[in-house]
Amino acid sequence: MTETAPDLIATRPSGLPQPRRYPGINWIGVQTLYLREVRRFWKVGAQTVAAPVVTTLLYMLVFVVALQDARPPLHGTPFALFVAPGLIMMAMLNNAFANASSSLIQAKIMGTATDFLTPPLSPLELTLGFTLGAATRGAVVGLVTALCVLPFAPLGVANVLAIVWFALAASFIMGMTGVLAGLWSEKFDHLAAVQNFIVMPMTFLSGTFYLVENLPEPFRTISRYNPFFYLIDGFRYGFIGHAESNLTVGVIGSAVLMVIMGTICWLVFRSGWRLKS
């Protein structure tokens with residue numbers, strides 16, 4: 001035994017265990033984090049999916065059914081068909097934001113952030129996992145909401161590419177916005193402040209219920225700098241075939257905004273700001 005002891009010591013690995021290294025992107029880790037985020041909101045589907053649909057239907061009842069005869073067509077489009085795509089997009093924006101932000105703030109408050117910090121996940125992989133999970137919730141809520149709105153507003157399809165692009169762009173942008181809000185917030189009050197004073201005003205002041213061109217100055221010009229206006233207007237164009245904005249500006253602007261938001265999320269995860277300290 002004493003003669004083989006040095007051999008055993010020599011073969012024993014030195015130093016701390018090293019994490020498993022993946023060439024390129026750890027797709028297994030990204031998939032696991034993504035499924036965790038999807039199952040987290042799907043487990044309480046009555047709250048995360050059904051509740052937004054009910055809220056949208058209430059908006060339809062108030063702004064469409066009750067006021068339908070009092071509102072003239074907008075650019076030849078019945079008021080119900082004009083409002084419905086905006087309401088669907090509103091549900092997608094709010095729920096994509098809520099998924100990522102609530103997940104991160106809960107992890108920070110409950111001390112479960114180690115669940116995704118301990119595995120070998122890079123800042124890019126964390127950004128992908130949380131953003132894809134948030135975008136999935138936004139897309140699911142948007143699809144269910146659209147199906148429930150159809151009896152009140154029989155929407156057609158004028159451009160399916162516009163519908164898909166602006167729906168996905170909105171879900172990704174607000175998912176990454178939710179990541180940043182969740183990382184910044186230290187308690188639920190901070191998160192509620194972002195939702196009530198930034199996300200909600202930008203959503204309502206984006207031309208969902210009216211034509212932006214009818215606004216007086218300077219509000220008309222200010223609305224042109226609201227990214228939600230281009231997302232909602234482009235999404236509405238996919239259904240009714242008419243847009244207030246320049247669609248090229250909307251497509252390029254949303255693509256640039258996704259890159260910018262993704263880069264900021266990557267930098268914040270890389271620094272560990274308000275997450276590792």
# chains A, B, ... in the order shown; residues from 1 in each chain; ligands from 1

$ residues_around --residues "Thr48 (chain A)" --least-positions-apart "3" --cutoff "12 Å" --atoms "only C-alpha atoms" --output "PyMOL selection string"
chain A and resi 38-45+51-55+91-92+94-99+102+134+136-138+140-142+144

$ residues_around --residues "Val30 (chain A)" --least-positions-apart "3" --cutoff "7 Å" --atoms "only C-alpha atoms" --output "PDB file with N, CA and C atoms, in the first residue's frame"
ATOM      1  N   ASN A  26     -23.180  26.495 -26.351  1.00  0.00           N
ATOM      2  CA  ASN A  26     -23.692  25.356 -25.590  1.00  0.00           C
ATOM      3  C   ASN A  26     -25.198  25.240 -25.844  1.00  0.00           C
ATOM      4  N   TRP A  27     -25.545  24.577 -26.953  1.00  0.00           N
ATOM      5  CA  TRP A  27     -26.956  24.500 -27.326  1.00  0.00           C
ATOM      6  C   TRP A  27     -27.758  23.680 -26.330  1.00  0.00           C
ATOM      7  N   LEU A  33     -32.348  26.038 -20.540  1.00  0.00           N
ATOM      8  CA  LEU A  33     -32.820  27.306 -19.986  1.00  0.00           C
ATOM      9  C   LEU A  33     -34.097  27.753 -20.671  1.00  0.00           C
ATOM     10  N   TYR A  34     -34.164  27.576 -21.980  1.00  0.00           N
ATOM     11  CA  TYR A  34     -35.369  27.941 -22.733  1.00  0.00           C
ATOM     12  C   TYR A  34     -36.577  27.133 -22.260  1.00  0.00           C
ATOM     13  N   GLU A 125     -25.335  32.894 -24.200  1.00  0.00           N
ATOM     14  CA  GLU A 125     -26.291  31.797 -24.031  1.00  0.00           C
ATOM     15  C   GLU A 125     -27.380  32.159 -23.028  1.00  0.00           C
ATOM     16  N   LEU A 128     -29.750  34.395 -24.958  1.00  0.00           N
ATOM     17  CA  LEU A 128     -30.585  33.613 -25.868  1.00  0.00           C
ATOM     18  C   LEU A 128     -31.683  32.865 -25.121  1.00  0.00           C
ATOM     19  N   GLY A 129     -31.337  32.223 -24.015  1.00  0.00           N
ATOM     20  CA  GLY A 129     -32.308  31.422 -23.284  1.00  0.00           C
ATOM     21  C   GLY A 129     -33.461  32.244 -22.760  1.00  0.00           C
TER      22      GLY A 129
END

$ atom_distance --atom1 "CA of Ala167 (chain A)" --atom2 "CA of Leu231 (chain A)"
7.8 Å

$ select_by_dssp --residues "region 58-191 of chain A" --states "alpha helix (DSSP H)" --output "MDAnalysis selection string"
chainID A and resid 58:60 79:110 114:117 123:149 160:184 188:191

$ residues_around --residues "Val268 (chain A)" --least-positions-apart "5" --cutoff "12 Å" --atoms "only C-alpha atoms" --output "list in words"
Ser122, Pro123, Leu124, Leu126, Thr127, Met176, Val179, Leu180, Ala181, Gly182, Leu183, Trp184, Met261, Gly262, Thr263, Trp273, Arg274, Leu275 and Lys276 of chain A

$ atom_distance --atom1 "CA of Leu205 (chain A)" --atom2 "CA of Leu150 (chain A)"
24.1 Å

$ atom_distance --atom1 "CA of Phe130 (chain A)" --atom2 "CA of Glu37 (chain A)"
6.9 Å

$ closest_residue --among "A:Arg270, A:Ala153, A:Val49, A:Pro119" --to "Ala139 (chain A)" --atoms "only C-alpha atoms"
A:Val49

$ residues_around --residues "Ala162 (chain A)" --least-positions-apart "5" --cutoff "8 Å" --atoms "only C-alpha atoms" --output "mmCIF file with N, CA, C and O atoms, in the first residue's frame"
data_model
loop_
_atom_site.group_PDB
_atom_site.id
_atom_site.type_symbol
_atom_site.label_atom_id
_atom_site.label_comp_id
_atom_site.auth_asym_id
_atom_site.auth_seq_id
_atom_site.Cartn_x
_atom_site.Cartn_y
_atom_site.Cartn_z
ATOM 1 N N GLY A 234 -46.681 48.213 -38.523
ATOM 2 C CA GLY A 234 -46.268 47.178 -39.456
ATOM 3 C C GLY A 234 -47.066 45.898 -39.293
ATOM 4 O O GLY A 234 -47.423 45.232 -40.276
ATOM 5 N N PHE A 235 -47.348 45.541 -38.039
ATOM 6 C CA PHE A 235 -48.157 44.358 -37.764
ATOM 7 C C PHE A 235 -49.568 44.543 -38.302
ATOM 8 O O PHE A 235 -50.146 43.627 -38.908
ATOM 9 N N TYR A 237 -50.423 46.456 -40.769
ATOM 10 C CA TYR A 237 -50.348 46.420 -42.234
ATOM 11 C C TYR A 237 -50.472 44.990 -42.756
ATOM 12 O O TYR A 237 -51.077 44.753 -43.812
ATOM 13 N N GLY A 238 -49.922 44.032 -42.025
ATOM 14 C CA GLY A 238 -50.009 42.640 -42.461
ATOM 15 C C GLY A 238 -51.430 42.130 -42.547
ATOM 16 O O GLY A 238 -51.704 41.173 -43.285
#

$ closest_residue --among "A:Pro72, A:Pro85, A:Pro120, A:Gly111" --to "Val149 (chain A)" --atoms "only C-alpha atoms"
A:Pro85

$ closest_residue --among "A:Thr208, A:Ser223, A:Thr114, A:Thr177" --to "Cys265 (chain A)" --atoms "only C-alpha atoms"
A:Thr177

$ closest_residue --among "A:Leu58, A:Ile105, A:Leu132, A:Ile232" --to "Phe152 (chain A)" --atoms "only C-alpha atoms"
A:Leu58

$ residues_around --residues "Ala113 (chain A)" --least-positions-apart "3" --cutoff "8 Å" --atoms "only C-alpha atoms" --output "ChimeraX atom specification"
/A:104,107-108,116-117,275
